[in-house]
Amino acid sequence: MSDKELIALLARSPEEGLRQVIKRYSAYVYKIALSKLSSHCPKEDIEEAVSDIFLKFFYFAKGEGSSLRSVAAPLCVIAKRVCADILRARARRQETLALDEIDEPAVNDIYAEPSELLEFIKRLGEPDTTIMIRRYYLGFSAKEIGSSLNMKPNTVNKRISRALDKLREWLKEGEK
């Protein structure tokens, strides 16, 4: 069934249209959710995210009606937004992270072993330690870090820049 046929079916019979969209695009949507959430969420949460994506698509398609031109494009956008919302919600619930709970980084630094690098990051002090961990260990953007720490993204970026300068200096000196 082509996208045009799916769109026509969604307009005629929304529930049956959604069933056919799920049948055709479930692997596609699951792959997007898996790629975005697999390192942060259990399988059950990913499956729930997929259900949420199709539900949001259903309401979007219902509102768009026959002006919808593609199925894959809005599904992709909705999937990415739902996954981003889930990650932001998880970050808000996990405001602070104990340094002892963090695994060693999968980063190969030419100056230091990963455990040594983590010790240097701990020496930065707050909020720089939290900022560096969220940026480089957890992959949050400056905007996400700033919103959780009540800072502007520019401030977060400047703190990261200064912290990296300190880390480089410490690593070159070989201090611990």
# chains A, B, ... in the order shown; residues from 1 in each chain; ligands from 1
call {"tool": "residues_around", "arguments": {"residues": "region 79-81 of chain A", "least_positions_apart": "5", "cutoff": "7 Å", "atoms": "only C-alpha atoms", "output": "PDB file with C-alpha atoms, in the first residue's frame"}}
result
ATOM      1  CA  VAL A  29       9.487   3.805  13.926  1.00  0.00           C
ATOM      2  CA  ILE A  32      14.241   5.361  15.236  1.00  0.00           C
ATOM      3  CA  ALA A  33      13.167   4.968  18.867  1.00  0.00           C
ATOM      4  CA  ILE A  53       4.574   7.965  18.407  1.00  0.00           C
TER       5      ILE A  53
END
call {"tool": "atom_distance", "arguments": {"atom1": "CA of Leu18 (chain A)", "atom2": "CA of Phe60 (chain A)"}}
result
11.3 Å
call {"tool": "closest_atom_pairs", "arguments": {"of": "region 25-62 of chain A", "to": "region 2-9 of chain A", "cutoff": "12 Å", "atoms": "only C-alpha atoms", "output": "Markdown table"}}
result
| residue | atom | partner | partner_atom | distance |
| --- | --- | --- | --- | --- |
| A:Tyr25 | CA | A:Asp3 | CA | 10.7 |
| A:Phe57 | CA | A:Ile7 | CA | 11.9 |
| A:Phe58 | CA | A:Ile7 | CA | 11.1 |
| A:Phe60 | CA | A:Ile7 | CA | 11.9 |
| A:Ala61 | CA | A:Ile7 | CA | 8.2 |
| A:Lys62 | CA | A:Ile7 | CA | 10.0 |
call {"tool": "write_last_selection", "arguments": {"atoms": "N, CA and C atoms", "output": "compact mmCIF listing (two decimals), in the first residue's frame"}}
result
# COMPACT_ATOMS: atom_id res chain seq x y z
N TYR A 25 4.82 0.69 8.93
CA TYR A 25 5.91 1.51 9.44
C TYR A 25 6.39 1.16 10.86
N PHE A 57 0.89 10.46 15.89
CA PHE A 57 0.70 10.51 14.44
C PHE A 57 -0.78 10.42 14.08
N PHE A 58 -1.51 9.56 14.77
CA PHE A 58 -2.93 9.39 14.52
C PHE A 58 -3.66 10.73 14.68
N PHE A 60 -2.31 13.72 14.64
CA PHE A 60 -1.78 14.64 13.64
C PHE A 60 -2.46 14.40 12.29
N ALA A 61 -2.52 13.13 11.88
CA ALA A 61 -3.12 12.80 10.58
C ALA A 61 -4.60 13.13 10.57
N LYS A 62 -5.26 12.92 11.70
CA LYS A 62 -6.69 13.24 11.80
C LYS A 62 -6.91 14.74 11.61
call {"tool": "select_by_dssp", "arguments": {"residues": "chain A", "states": "alpha helix (DSSP H)", "output": "PyMOL selection string"}}
result
chain A and resi 3-12+14-37+43-64+72-93+114-123+128-132+142-149+153-173
call {"tool": "closest_residue", "arguments": {"among": "A:Leu138, A:Leu75, A:Ile160, A:Ala11", "to": "Asp52 (chain A)", "atoms": "only C-alpha atoms"}}
result
A:Leu75
call {"tool": "closest_residue", "arguments": {"among": "A:Ile133, A:Asp85, A:Leu171, A:Gln20", "to": "Lys36 (chain A)", "atoms": "only C-alpha atoms"}}
result
A:Asp85
call {"tool": "closest_residue", "arguments": {"among": "A:Glu16, A:Pro153, A:Leu164, A:Arg90", "to": "Asp128 (chain A)", "atoms": "only C-alpha atoms"}}
result
A:Leu164
